[in-house]
Structures are given as C-alpha cells and as structure tokens.
$ cat model.cif   # mmCIF, N, CA and C atoms
data_structure
loop_
_atom_site.label_atom_id
_atom_site.label_comp_id
_atom_site.auth_asym_id
_atom_site.auth_seq_id
_atom_site.Cartn_x
_atom_site.Cartn_y
_atom_site.Cartn_z
N MET A 1066 42.60 118.96 -226.50
CA MET A 1066 41.20 118.70 -226.30
C MET A 1066 40.43 119.67 -227.19
N SER A 1067 39.41 119.17 -227.81
CA SER A 1067 38.63 120.00 -228.72
C SER A 1067 37.68 120.90 -227.95
N THR A 1068 37.20 121.92 -228.61
CA THR A 1068 36.28 122.87 -228.00
C THR A 1068 34.97 122.19 -227.64
N ARG A 1069 34.55 121.26 -228.47
CA ARG A 1069 33.30 120.54 -228.22
C ARG A 1069 33.41 119.71 -226.94
N ALA A 1070 34.47 119.00 -226.74
CA ALA A 1070 34.67 118.19 -225.53
C ALA A 1070 34.76 119.09 -224.30
N HIS A 1071 35.39 120.25 -224.46
CA HIS A 1071 35.50 121.19 -223.36
C HIS A 1071 34.11 121.66 -222.91
N TRP A 1072 33.21 121.97 -223.84
CA TRP A 1072 31.86 122.40 -223.51
C TRP A 1072 31.04 121.27 -222.90
N ILE A 1073 31.23 120.06 -223.36
CA ILE A 1073 30.51 118.92 -222.79
C ILE A 1073 30.91 118.72 -221.33
N ILE A 1074 32.21 118.83 -221.05
CA ILE A 1074 32.69 118.68 -219.67
C ILE A 1074 32.16 119.82 -218.80
N ARG A 1075 32.14 121.03 -219.33
CA ARG A 1075 31.66 122.18 -218.58
C ARG A 1075 30.15 122.05 -218.28
N ILE A 1076 29.35 121.66 -219.26
CA ILE A 1076 27.91 121.46 -219.06
C ILE A 1076 27.67 120.32 -218.06
N GLY A 1077 28.45 119.25 -218.16
CA GLY A 1077 28.33 118.14 -217.21
C GLY A 1077 28.65 118.59 -215.80
N GLY A 1078 29.62 119.46 -215.64
CA GLY A 1078 29.96 119.98 -214.31
C GLY A 1078 28.84 120.81 -213.73
N TRP A 1079 28.21 121.68 -214.55
CA TRP A 1079 27.09 122.48 -214.09
C TRP A 1079 25.88 121.62 -213.75
N LEU A 1080 25.61 120.60 -214.56
CA LEU A 1080 24.49 119.69 -214.26
C LEU A 1080 24.73 118.94 -212.96
N SER A 1081 25.96 118.52 -212.76
CA SER A 1081 26.32 117.83 -211.51
C SER A 1081 26.12 118.76 -210.32
N PHE A 1082 26.55 120.02 -210.46
CA PHE A 1082 26.38 121.00 -209.39
C PHE A 1082 24.90 121.22 -209.08
N LEU A 1083 24.07 121.41 -210.11
CA LEU A 1083 22.64 121.64 -209.91
C LEU A 1083 21.96 120.45 -209.25
N CYS A 1084 22.30 119.24 -209.69
CA CYS A 1084 21.70 118.04 -209.09
C CYS A 1084 22.09 117.92 -207.62
N THR A 1085 23.34 118.20 -207.30
CA THR A 1085 23.80 118.14 -205.91
C THR A 1085 23.11 119.22 -205.08
N LEU A 1086 22.94 120.41 -205.64
CA LEU A 1086 22.25 121.48 -204.93
C LEU A 1086 20.79 121.12 -204.65
N ILE A 1087 20.09 120.62 -205.64
CA ILE A 1087 18.69 120.22 -205.46
C ILE A 1087 18.58 119.09 -204.44
N PHE A 1088 19.46 118.12 -204.51
CA PHE A 1088 19.47 117.01 -203.55
C PHE A 1088 19.70 117.55 -202.13
N GLY A 1089 20.63 118.49 -201.99
CA GLY A 1089 20.91 119.07 -200.67
C GLY A 1089 19.71 119.82 -200.11
N VAL A 1090 19.01 120.57 -200.95
CA VAL A 1090 17.82 121.31 -200.51
C VAL A 1090 16.72 120.34 -200.07
N VAL A 1091 16.49 119.31 -200.86
CA VAL A 1091 15.46 118.32 -200.51
C VAL A 1091 15.81 117.62 -199.20
N MET A 1092 17.06 117.26 -199.01
CA MET A 1092 17.45 116.59 -197.76
C MET A 1092 17.32 117.53 -196.57
N TYR A 1093 17.69 118.80 -196.75
CA TYR A 1093 17.56 119.77 -195.64
C TYR A 1093 16.10 119.93 -195.25
N VAL A 1094 15.22 120.11 -196.22
CA VAL A 1094 13.79 120.30 -195.93
C VAL A 1094 13.21 119.03 -195.30
N THR A 1095 13.67 117.86 -195.74
CA THR A 1095 13.16 116.60 -195.20
C THR A 1095 13.62 116.39 -193.76
N LEU A 1096 14.86 116.71 -193.45
CA LEU A 1096 15.40 116.46 -192.12
C LEU A 1096 15.05 117.55 -191.11
N ASP A 1097 14.75 118.76 -191.58
CA ASP A 1097 14.40 119.86 -190.69
C ASP A 1097 12.93 119.75 -190.32
N GLY A 1098 12.64 119.39 -189.08
CA GLY A 1098 11.26 119.22 -188.63
C GLY A 1098 10.72 120.40 -187.87
N THR A 1099 11.31 121.58 -188.04
CA THR A 1099 10.84 122.77 -187.33
C THR A 1099 9.47 123.17 -187.86
N PRO A 1100 8.46 123.25 -186.98
CA PRO A 1100 7.12 123.61 -187.46
C PRO A 1100 7.06 125.08 -187.89
N ASN A 1101 6.15 125.38 -188.81
CA ASN A 1101 5.96 126.75 -189.26
C ASN A 1101 4.82 127.42 -188.50
N PHE A 1102 4.64 127.01 -187.24
CA PHE A 1102 3.63 127.61 -186.36
C PHE A 1102 4.12 127.50 -184.93
N GLN A 1103 3.57 128.35 -184.07
CA GLN A 1103 3.80 128.29 -182.63
C GLN A 1103 2.44 128.17 -181.96
N VAL A 1104 2.38 127.43 -180.85
CA VAL A 1104 1.14 127.31 -180.09
C VAL A 1104 1.07 128.49 -179.14
N SER A 1105 -0.06 129.22 -179.15
CA SER A 1105 -0.16 130.36 -178.24
C SER A 1105 -0.93 129.96 -176.98
N ASP A 1106 -2.24 129.94 -177.01
CA ASP A 1106 -3.01 129.57 -175.82
C ASP A 1106 -4.06 128.53 -176.18
N SER A 1107 -4.46 127.77 -175.18
CA SER A 1107 -5.44 126.71 -175.39
C SER A 1107 -6.40 126.67 -174.21
N VAL A 1108 -7.69 126.45 -174.51
CA VAL A 1108 -8.72 126.43 -173.47
C VAL A 1108 -9.69 125.29 -173.78
N THR A 1109 -10.12 124.59 -172.73
CA THR A 1109 -11.11 123.53 -172.88
C THR A 1109 -12.26 123.77 -171.90
N THR A 1110 -13.49 123.61 -172.37
CA THR A 1110 -14.66 123.70 -171.50
C THR A 1110 -15.59 122.54 -171.77
N VAL A 1111 -16.32 122.11 -170.75
CA VAL A 1111 -17.32 121.06 -170.89
C VAL A 1111 -18.65 121.64 -170.43
N ASN A 1112 -19.66 121.58 -171.30
CA ASN A 1112 -20.99 122.08 -171.00
C ASN A 1112 -22.02 120.99 -171.25
N LYS A 1113 -23.10 121.02 -170.47
CA LYS A 1113 -24.19 120.09 -170.71
C LYS A 1113 -25.23 120.78 -171.57
N GLN A 1114 -25.54 120.17 -172.72
CA GLN A 1114 -26.50 120.74 -173.66
C GLN A 1114 -27.45 119.64 -174.10
N SER A 1115 -28.72 119.83 -173.90
CA SER A 1115 -29.75 118.86 -174.31
C SER A 1115 -29.49 117.47 -173.75
N GLY A 1116 -29.00 117.39 -172.52
CA GLY A 1116 -28.81 116.11 -171.86
C GLY A 1116 -27.49 115.42 -172.15
N VAL A 1117 -26.63 115.98 -172.98
CA VAL A 1117 -25.32 115.39 -173.27
C VAL A 1117 -24.23 116.41 -172.97
N TYR A 1118 -23.04 115.89 -172.68
CA TYR A 1118 -21.90 116.78 -172.42
C TYR A 1118 -21.17 117.06 -173.73
N VAL A 1119 -20.84 118.34 -173.92
CA VAL A 1119 -20.15 118.78 -175.13
C VAL A 1119 -18.80 119.35 -174.72
N LEU A 1120 -17.74 118.83 -175.32
CA LEU A 1120 -16.39 119.33 -175.11
C LEU A 1120 -16.10 120.38 -176.18
N THR A 1121 -15.74 121.58 -175.74
CA THR A 1121 -15.35 122.64 -176.66
C THR A 1121 -13.88 122.95 -176.40
N GLU A 1122 -13.10 122.86 -177.46
CA GLU A 1122 -11.66 123.04 -177.35
C GLU A 1122 -11.22 124.16 -178.27
N SER A 1123 -10.48 125.10 -177.72
CA SER A 1123 -9.97 126.23 -178.49
C SER A 1123 -8.44 126.22 -178.38
N ARG A 1124 -7.79 126.11 -179.52
CA ARG A 1124 -6.31 126.11 -179.55
C ARG A 1124 -5.86 127.27 -180.42
N GLY A 1125 -5.01 128.11 -179.86
CA GLY A 1125 -4.50 129.26 -180.58
C GLY A 1125 -3.14 128.97 -181.20
N PHE A 1126 -2.91 129.54 -182.36
CA PHE A 1126 -1.65 129.35 -183.08
C PHE A 1126 -1.16 130.69 -183.62
N VAL A 1127 0.12 130.77 -183.82
CA VAL A 1127 0.74 131.88 -184.54
C VAL A 1127 1.50 131.25 -185.69
N GLY A 1128 1.01 131.46 -186.91
CA GLY A 1128 1.61 130.83 -188.08
C GLY A 1128 2.61 131.73 -188.77
N SER A 1129 3.48 131.10 -189.55
CA SER A 1129 4.48 131.87 -190.30
C SER A 1129 4.45 131.53 -191.79
N ASP A 1130 3.48 130.74 -192.23
CA ASP A 1130 3.44 130.32 -193.62
C ASP A 1130 2.05 129.81 -193.94
N ASN A 1131 1.70 129.77 -195.21
CA ASN A 1131 0.46 129.13 -195.66
C ASN A 1131 0.76 127.68 -195.99
N SER A 1132 0.22 126.76 -195.23
CA SER A 1132 0.41 125.34 -195.51
C SER A 1132 -0.73 124.58 -194.85
N GLU A 1133 -0.88 123.31 -195.22
CA GLU A 1133 -1.93 122.48 -194.64
C GLU A 1133 -1.40 121.76 -193.41
N LEU A 1134 -2.20 121.80 -192.36
CA LEU A 1134 -1.90 121.07 -191.13
C LEU A 1134 -3.00 120.06 -190.91
N THR A 1135 -2.63 118.83 -190.59
CA THR A 1135 -3.59 117.80 -190.26
C THR A 1135 -3.51 117.57 -188.75
N ILE A 1136 -4.64 117.68 -188.08
CA ILE A 1136 -4.67 117.56 -186.63
C ILE A 1136 -5.54 116.36 -186.25
N TYR A 1137 -4.99 115.46 -185.42
CA TYR A 1137 -5.74 114.32 -184.90
C TYR A 1137 -5.85 114.49 -183.38
N ARG A 1138 -7.08 114.35 -182.88
CA ARG A 1138 -7.30 114.47 -181.45
C ARG A 1138 -7.76 113.14 -180.87
N THR A 1139 -7.28 112.85 -179.68
CA THR A 1139 -7.73 111.69 -178.92
C THR A 1139 -7.98 112.13 -177.48
N LEU A 1140 -8.87 111.40 -176.83
CA LEU A 1140 -9.12 111.62 -175.41
C LEU A 1140 -8.58 110.42 -174.65
N TYR A 1141 -8.02 110.67 -173.48
CA TYR A 1141 -7.58 109.57 -172.64
C TYR A 1141 -7.90 109.90 -171.19
N ARG A 1142 -8.18 108.83 -170.44
CA ARG A 1142 -8.48 109.01 -169.02
C ARG A 1142 -7.21 109.48 -168.33
N GLN A 1143 -7.34 110.51 -167.52
CA GLN A 1143 -6.18 111.08 -166.86
C GLN A 1143 -5.51 110.02 -165.98
N GLY A 1144 -4.24 109.78 -166.23
CA GLY A 1144 -3.49 108.78 -165.49
C GLY A 1144 -3.54 107.39 -166.10
N ALA A 1145 -4.26 107.19 -167.19
CA ALA A 1145 -4.37 105.87 -167.81
C ALA A 1145 -4.42 106.04 -169.34
N ASP A 1146 -3.27 105.99 -169.97
CA ASP A 1146 -3.21 106.17 -171.43
C ASP A 1146 -3.86 105.04 -172.20
N ASP A 1147 -4.11 103.88 -171.56
CA ASP A 1147 -4.67 102.74 -172.28
C ASP A 1147 -6.17 102.91 -172.55
N HIS A 1148 -6.80 103.92 -171.99
CA HIS A 1148 -8.21 104.18 -172.24
C HIS A 1148 -8.38 105.35 -173.21
N ALA A 1149 -7.77 105.26 -174.37
CA ALA A 1149 -7.81 106.35 -175.35
C ALA A 1149 -9.00 106.19 -176.28
N VAL A 1150 -9.58 107.32 -176.67
CA VAL A 1150 -10.71 107.36 -177.59
C VAL A 1150 -10.37 108.38 -178.68
N ALA A 1151 -10.29 107.93 -179.94
CA ALA A 1151 -10.05 108.86 -181.05
C ALA A 1151 -11.33 109.63 -181.31
N ILE A 1152 -11.24 110.96 -181.36
CA ILE A 1152 -12.47 111.72 -181.55
C ILE A 1152 -12.51 112.51 -182.84
N GLU A 1153 -11.35 112.86 -183.42
CA GLU A 1153 -11.44 113.72 -184.59
C GLU A 1153 -10.11 113.79 -185.32
N GLY A 1154 -10.21 113.99 -186.60
CA GLY A 1154 -9.05 114.32 -187.43
C GLY A 1154 -9.52 115.28 -188.50
N GLY A 1155 -8.67 116.20 -188.87
CA GLY A 1155 -9.09 117.14 -189.89
C GLY A 1155 -7.93 117.98 -190.37
N VAL A 1156 -8.15 118.65 -191.48
CA VAL A 1156 -7.14 119.48 -192.10
C VAL A 1156 -7.53 120.94 -191.95
N VAL A 1157 -6.57 121.77 -191.55
CA VAL A 1157 -6.76 123.21 -191.49
C VAL A 1157 -5.63 123.86 -192.28
N VAL A 1158 -5.82 125.10 -192.67
CA VAL A 1158 -4.79 125.83 -193.39
C VAL A 1158 -4.08 126.75 -192.43
N ASN A 1159 -2.77 126.54 -192.29
CA ASN A 1159 -1.94 127.40 -191.46
C ASN A 1159 -1.91 128.79 -192.10
N ARG A 1160 -1.96 129.83 -191.28
CA ARG A 1160 -1.96 131.20 -191.80
C ARG A 1160 -0.79 131.98 -191.21
N PRO A 1161 -0.27 132.94 -191.94
CA PRO A 1161 0.88 133.69 -191.43
C PRO A 1161 0.48 134.80 -190.46
N ASP A 1162 -0.27 134.48 -189.42
CA ASP A 1162 -0.64 135.42 -188.37
C ASP A 1162 -1.28 134.63 -187.24
N ASP A 1163 -1.95 135.31 -186.30
CA ASP A 1163 -2.64 134.64 -185.20
C ASP A 1163 -3.95 134.06 -185.70
N TYR A 1164 -4.25 132.83 -185.27
CA TYR A 1164 -5.54 132.24 -185.60
C TYR A 1164 -5.89 131.20 -184.54
N VAL A 1165 -7.18 130.89 -184.45
CA VAL A 1165 -7.69 129.97 -183.44
C VAL A 1165 -8.44 128.85 -184.14
N ILE A 1166 -8.23 127.63 -183.66
CA ILE A 1166 -8.99 126.49 -184.14
C ILE A 1166 -9.95 126.10 -183.02
N LEU A 1167 -11.23 126.19 -183.30
CA LEU A 1167 -12.28 125.92 -182.32
C LEU A 1167 -13.02 124.67 -182.75
N ARG A 1168 -13.06 123.67 -181.89
CA ARG A 1168 -13.73 122.41 -182.20
C ARG A 1168 -14.61 122.01 -181.04
N SER A 1169 -15.78 121.46 -181.36
CA SER A 1169 -16.69 120.93 -180.35
C SER A 1169 -17.03 119.49 -180.72
N VAL A 1170 -17.20 118.67 -179.70
CA VAL A 1170 -17.57 117.27 -179.93
C VAL A 1170 -18.47 116.82 -178.78
N ILE A 1171 -19.48 116.03 -179.12
CA ILE A 1171 -20.35 115.43 -178.11
C ILE A 1171 -19.60 114.26 -177.49
N LEU A 1172 -19.48 114.29 -176.18
CA LEU A 1172 -18.75 113.23 -175.48
C LEU A 1172 -19.60 111.98 -175.34
N PRO A 1173 -19.00 110.81 -175.55
CA PRO A 1173 -19.75 109.56 -175.32
C PRO A 1173 -20.19 109.45 -173.86
N PRO A 1174 -21.27 108.73 -173.60
CA PRO A 1174 -21.81 108.67 -172.24
C PRO A 1174 -20.88 108.02 -171.22
N HIS A 1175 -19.94 107.19 -171.64
CA HIS A 1175 -19.05 106.53 -170.68
C HIS A 1175 -17.90 107.42 -170.23
N ILE A 1176 -17.74 108.57 -170.83
CA ILE A 1176 -16.64 109.47 -170.44
C ILE A 1176 -17.13 110.35 -169.31
N ARG A 1177 -16.68 110.02 -168.11
CA ARG A 1177 -16.99 110.77 -166.90
C ARG A 1177 -15.71 110.84 -166.08
N GLY A 1178 -15.59 111.90 -165.27
CA GLY A 1178 -14.40 112.06 -164.43
C GLY A 1178 -13.33 112.90 -165.13
N ALA A 1179 -12.08 112.68 -164.74
CA ALA A 1179 -10.96 113.48 -165.26
C ALA A 1179 -10.40 112.86 -166.54
N TRP A 1180 -10.41 113.63 -167.62
CA TRP A 1180 -9.90 113.20 -168.93
C TRP A 1180 -8.99 114.29 -169.49
N CYS A 1181 -8.22 113.91 -170.49
CA CYS A 1181 -7.35 114.87 -171.17
C CYS A 1181 -7.50 114.72 -172.68
N SER A 1182 -7.31 115.81 -173.38
CA SER A 1182 -7.35 115.83 -174.84
C SER A 1182 -5.93 115.96 -175.36
N LYS A 1183 -5.56 115.02 -176.20
CA LYS A 1183 -4.23 115.03 -176.81
C LYS A 1183 -4.39 115.32 -178.29
N ALA A 1184 -3.56 116.20 -178.83
CA ALA A 1184 -3.62 116.54 -180.25
C ALA A 1184 -2.22 116.43 -180.85
N VAL A 1185 -2.17 115.87 -182.05
CA VAL A 1185 -0.92 115.75 -182.80
C VAL A 1185 -1.13 116.44 -184.14
N VAL A 1186 -0.19 117.31 -184.51
CA VAL A 1186 -0.26 118.04 -185.77
C VAL A 1186 0.75 117.45 -186.74
N TYR A 1187 0.29 117.18 -187.97
CA TYR A 1187 1.16 116.69 -189.04
C TYR A 1187 1.21 117.72 -190.16
N TRP A 1188 2.37 117.90 -190.76
CA TRP A 1188 2.51 118.77 -191.92
C TRP A 1188 3.61 118.23 -192.81
N ARG A 1189 3.57 118.62 -194.06
CA ARG A 1189 4.57 118.18 -195.02
C ARG A 1189 5.02 119.38 -195.84
N PRO A 1190 6.21 119.91 -195.56
CA PRO A 1190 6.70 121.06 -196.32
C PRO A 1190 6.92 120.70 -197.79
N MET A 1191 6.85 121.72 -198.63
CA MET A 1191 7.12 121.50 -200.05
C MET A 1191 8.55 120.98 -200.19
N LEU A 1192 8.76 120.02 -201.07
CA LEU A 1192 10.04 119.36 -201.35
C LEU A 1192 10.46 118.36 -200.29
N SER A 1193 9.67 118.16 -199.24
CA SER A 1193 10.02 117.21 -198.20
C SER A 1193 9.63 115.80 -198.62
N LEU A 1194 10.42 114.84 -198.21
CA LEU A 1194 10.13 113.43 -198.53
C LEU A 1194 9.30 112.75 -197.45
N LYS A 1195 9.03 113.44 -196.33
CA LYS A 1195 8.26 112.82 -195.26
C LYS A 1195 7.38 113.85 -194.58
N HIS A 1196 6.37 113.34 -193.85
CA HIS A 1196 5.52 114.18 -193.01
C HIS A 1196 6.24 114.42 -191.69
N HIS A 1197 6.09 115.61 -191.16
CA HIS A 1197 6.62 115.93 -189.84
C HIS A 1197 5.45 116.00 -188.87
N SER A 1198 5.72 115.83 -187.58
CA SER A 1198 4.64 115.90 -186.60
C SER A 1198 5.13 116.56 -185.32
N ARG A 1199 4.15 117.05 -184.57
CA ARG A 1199 4.44 117.64 -183.27
C ARG A 1199 3.23 117.42 -182.38
N SER A 1200 3.48 116.98 -181.15
CA SER A 1200 2.39 116.84 -180.17
C SER A 1200 2.14 118.18 -179.53
N LEU A 1201 0.88 118.55 -179.45
CA LEU A 1201 0.50 119.79 -178.78
C LEU A 1201 0.33 119.52 -177.29
N PRO A 1202 0.39 120.56 -176.47
CA PRO A 1202 0.18 120.34 -175.03
C PRO A 1202 -1.19 119.73 -174.76
N ASP A 1203 -1.22 118.76 -173.85
CA ASP A 1203 -2.49 118.13 -173.48
C ASP A 1203 -3.36 119.12 -172.71
N LEU A 1204 -4.67 119.04 -172.94
CA LEU A 1204 -5.64 119.86 -172.23
C LEU A 1204 -6.51 118.93 -171.40
N CYS A 1205 -6.50 119.12 -170.10
CA CYS A 1205 -7.28 118.25 -169.22
C CYS A 1205 -8.57 118.95 -168.78
N PHE A 1206 -9.59 118.14 -168.53
CA PHE A 1206 -10.90 118.67 -168.16
C PHE A 1206 -11.61 117.65 -167.28
N GLU A 1207 -12.66 118.09 -166.64
CA GLU A 1207 -13.45 117.22 -165.74
C GLU A 1207 -14.88 117.13 -166.26
N VAL A 1208 -15.36 115.91 -166.43
CA VAL A 1208 -16.75 115.69 -166.82
C VAL A 1208 -17.49 115.21 -165.57
N PRO A 1209 -18.52 115.95 -165.14
CA PRO A 1209 -19.21 115.59 -163.90
C PRO A 1209 -19.92 114.23 -164.00
N HIS A 1210 -19.97 113.55 -162.85
CA HIS A 1210 -20.77 112.32 -162.74
C HIS A 1210 -22.20 112.75 -162.43
N ASP A 1211 -23.14 112.25 -163.18
CA ASP A 1211 -24.54 112.68 -162.98
C ASP A 1211 -25.12 112.12 -161.71
#
$ encode --input "model.cif" --output "structure tokens"
Amino acid sequence: MSTRAHWIIRIGGWLSFLCTLIFGVVMYVTLDGTPNFQVSDSVTTVNKQSGVYVLTESRGFVGSDNSELTIYRTLYRQGADDHAVAIEGGVVVNRPDDYVILRSVILPPHIRGAWCSKAVVYWRPMLSLKHHSRSLPDLCFEVPHD
C-alpha cells in the first residue's frame, strides 16, 4: 500500500470519528431534557385596583446558565380544566443565580371564585434538535365575588 493511500485511510478514519462524536453530542443534548434552572418559591396575590381585579404572580428561580426561557401561562377554574384562559406568553433570560419573574395581569370580569395559574417553560439548549419543556407548580388563588 502506498503512503498516499495510507494517509487517505487515516484521514477518513479521523473524519469518521469526528462525525460520530458530533452526532453523539447532538443526540445527547437533544434527548437530555434536564432544565438548567430550579424553581425556588412562588407567590400569587389578587388585589382590586380601580374597580378591576389584578393577579400578581411571583415565581422564583435558581439558574445555572444563560439561556432563553419561554413561559406560557394559562388560568383554569379549580377542579375544571376545560375552562382554561390563556393569559400570557413571553421570553425571559435565564441567569446563573437567583432571580424572580414578576408578572401582573388584569383578570377578565368573568373570572370569579377559585382559579389556578398554570405555567409551562420551554427552552432549547444549544445543539439540540428540539425544544424541551417543564410544567411549573400550579398556583391557586381566590377571586372574590362582588
């Protein structure tokens, strides 16, 4: 075998190894859905302001990386998931320390009684082929009947 053929086979072997390594890393990142944040504490309050009820929701996180998180919130009547109302979606930047996401929304007039706020977080790690998601703990609250 000539020296040239020997080098071609050797380079082909290294290219094959690198392609397999990159494929393995991409598959690992895609299949590993471990979030790069932990939920710390969450609080919900309902206040009446200027004749309307305002829901204020505070969710605490402990992050381990800088990445974008997309959070979608819905409200549902406690005990009846079929009465869901989408209220918000937005993007926040995960930070490698403690941080709080504080959101307020004016509640529609038909929302009275016991309700819960459900939030789902989506993120997509670098090199991942899909978005990952995690449901956050539901926060329940009571809106007074006037």
$ axis_aligned_box --input "model.cif" --around "region 1131-1135 of chain A" --padding-each-side "4 Å" --output "JSON"
{"center_x": -0.9, "center_y": 123.7, "center_z": -192.4, "size_x": 13.3, "size_y": 20.2, "size_z": 15.2}
$ closest_residue --input "model.cif" --among "A:Asp1211, A:Asp1163, A:Glu1133, A:Glu1122" --to "Tyr1187 (chain A)" --atoms "only N, CA and C atoms"
A:Glu1133
$ resolve_selection --input "model.cif" --expression "the PyMOL selection byres ((chain A and resi 1149-1154) around 8)" --output "PyMOL selection string"
chain A and resi 1135-1142+1145-1148+1155-1157+1170
$ resolve_selection --input "model.cif" --expression "the PyMOL selection byres (((chain A and resi 1192-1204 and name CA) around 7) and name CA)" --output "list in words"
Val1091, Val1094, Thr1095, Gly1098, Thr1109, Cys1181, Ser1182, Lys1183, Ala1184, Val1185, Val1186, Tyr1187, Trp1188, Arg1189, Pro1190, Met1191, Cys1205 and Phe1206 of chain A
$ write_last_selection --input "model.cif" --atoms "N, CA and C atoms" --output "mmCIF file, keeping the file's coordinate frame"
data_model
loop_
_atom_site.group_PDB
_atom_site.id
_atom_site.type_symbol
_atom_site.label_atom_id
_atom_site.label_comp_id
_atom_site.auth_asym_id
_atom_site.auth_seq_id
_atom_site.Cartn_x
_atom_site.Cartn_y
_atom_site.Cartn_z
ATOM 1 N N VAL A 1091 16.490 119.310 -200.860
ATOM 2 C CA VAL A 1091 15.460 118.320 -200.510
ATOM 3 C C VAL A 1091 15.810 117.620 -199.200
ATOM 4 N N VAL A 1094 15.220 120.110 -196.220
ATOM 5 C CA VAL A 1094 13.790 120.300 -195.930
ATOM 6 C C VAL A 1094 13.210 119.030 -195.300
ATOM 7 N N THR A 1095 13.670 117.860 -195.740
ATOM 8 C CA THR A 1095 13.160 116.600 -195.200
ATOM 9 C C THR A 1095 13.620 116.390 -193.760
ATOM 10 N N GLY A 1098 12.640 119.390 -189.080
ATOM 11 C CA GLY A 1098 11.260 119.220 -188.630
ATOM 12 C C GLY A 1098 10.720 120.400 -187.870
ATOM 13 N N THR A 1109 -10.120 124.590 -172.730
ATOM 14 C CA THR A 1109 -11.110 123.530 -172.880
ATOM 15 C C THR A 1109 -12.260 123.770 -171.900
ATOM 16 N N CYS A 1181 -8.220 113.910 -170.490
ATOM 17 C CA CYS A 1181 -7.350 114.870 -171.170
ATOM 18 C C CYS A 1181 -7.500 114.720 -172.680
ATOM 19 N N SER A 1182 -7.310 115.810 -173.380
ATOM 20 C CA SER A 1182 -7.350 115.830 -174.840
ATOM 21 C C SER A 1182 -5.930 115.960 -175.360
ATOM 22 N N LYS A 1183 -5.560 115.020 -176.200
ATOM 23 C CA LYS A 1183 -4.230 115.030 -176.810
ATOM 24 C C LYS A 1183 -4.390 115.320 -178.290
ATOM 25 N N ALA A 1184 -3.560 116.200 -178.830
ATOM 26 C CA ALA A 1184 -3.620 116.540 -180.250
ATOM 27 C C ALA A 1184 -2.220 116.430 -180.850
ATOM 28 N N VAL A 1185 -2.170 115.870 -182.050
ATOM 29 C CA VAL A 1185 -0.920 115.750 -182.800
ATOM 30 C C VAL A 1185 -1.130 116.440 -184.140
ATOM 31 N N VAL A 1186 -0.190 117.310 -184.510
ATOM 32 C CA VAL A 1186 -0.260 118.040 -185.770
ATOM 33 C C VAL A 1186 0.750 117.450 -186.740
ATOM 34 N N TYR A 1187 0.290 117.180 -187.970
ATOM 35 C CA TYR A 1187 1.160 116.690 -189.040
ATOM 36 C C TYR A 1187 1.210 117.720 -190.160
ATOM 37 N N TRP A 1188 2.370 117.900 -190.760
ATOM 38 C CA TRP A 1188 2.510 118.770 -191.920
ATOM 39 C C TRP A 1188 3.610 118.230 -192.810
ATOM 40 N N ARG A 1189 3.570 118.620 -194.060
ATOM 41 C CA ARG A 1189 4.570 118.180 -195.020
ATOM 42 C C ARG A 1189 5.020 119.380 -195.840
ATOM 43 N N PRO A 1190 6.210 119.910 -195.560
ATOM 44 C CA PRO A 1190 6.700 121.060 -196.320
ATOM 45 C C PRO A 1190 6.920 120.700 -197.790
ATOM 46 N N MET A 1191 6.850 121.720 -198.630
ATOM 47 C CA MET A 1191 7.120 121.500 -200.050
ATOM 48 C C MET A 1191 8.550 120.980 -200.190
ATOM 49 N N CYS A 1205 -6.500 119.120 -170.100
ATOM 50 C CA CYS A 1205 -7.280 118.250 -169.220
ATOM 51 C C CYS A 1205 -8.570 118.950 -168.780
ATOM 52 N N PHE A 1206 -9.590 118.140 -168.530
ATOM 53 C CA PHE A 1206 -10.900 118.670 -168.160
ATOM 54 C C PHE A 1206 -11.610 117.650 -167.280
#
$ residues_around --input "model.cif" --residues "Gln1143 (chain A)" --least-positions-apart "6" --cutoff "7 Å" --atoms "all atoms listed in the file" --output "number ranges by chain"
A: 1178-1181
$ select_by_dssp --input "model.cif" --residues "region 1084-1191 of chain A" --states "alpha helix (DSSP H)" --output "ChimeraX atom specification"
/A:1084-1096
$ select_by_dssp --input "model.cif" --residues "region 1097-1163 of chain A" --states "strand (DSSP E)" --output "MDAnalysis selection string"
chainID A and resid 1102:1114 1117:1128 1132:1142 1145:1159 1163
$ closest_residue --input "model.cif" --among "A:Arg1168, A:Arg1069, A:Arg1124, A:Arg1160" --to "Val1104 (chain A)" --atoms "all atoms listed in the file"
A:Arg1124
$ resolve_selection --input "model.cif" --expression "the PyMOL selection byres ((chain A and resi 1110-1114) around 8)" --output "ChimeraX atom specification"
/A:1107-1109,1115-1123,1205-1209
$ atom_distance --input "model.cif" --atom1 "atom N of Leu1172 (chain A)" --atom2 "atom C of His1210 (chain A)"
14.1 Å
$ atom_distance --input "model.cif" --atom1 "CA of Ser1105 (chain A)" --atom2 "CA of Tyr1164 (chain A)"
9.3 Å
$ atom_distance --input "model.cif" --atom1 "atom C of Ile1166 (chain A)" --atom2 "CA of Gly1125 (chain A)"
6.8 Å
$ closest_residue --input "model.cif" --among "A:Phe1102, A:Trp1079, A:Arg1177, A:Tyr1093" --to "Phe1126 (chain A)" --atoms "only N, CA and C atoms"
A:Phe1102
$ closest_residue --input "model.cif" --among "A:Pro1100, A:Gly1089, A:Gly1078, A:Pro1161" --to "Ser1132 (chain A)" --atoms "only N, CA and C atoms"
A:Pro1161
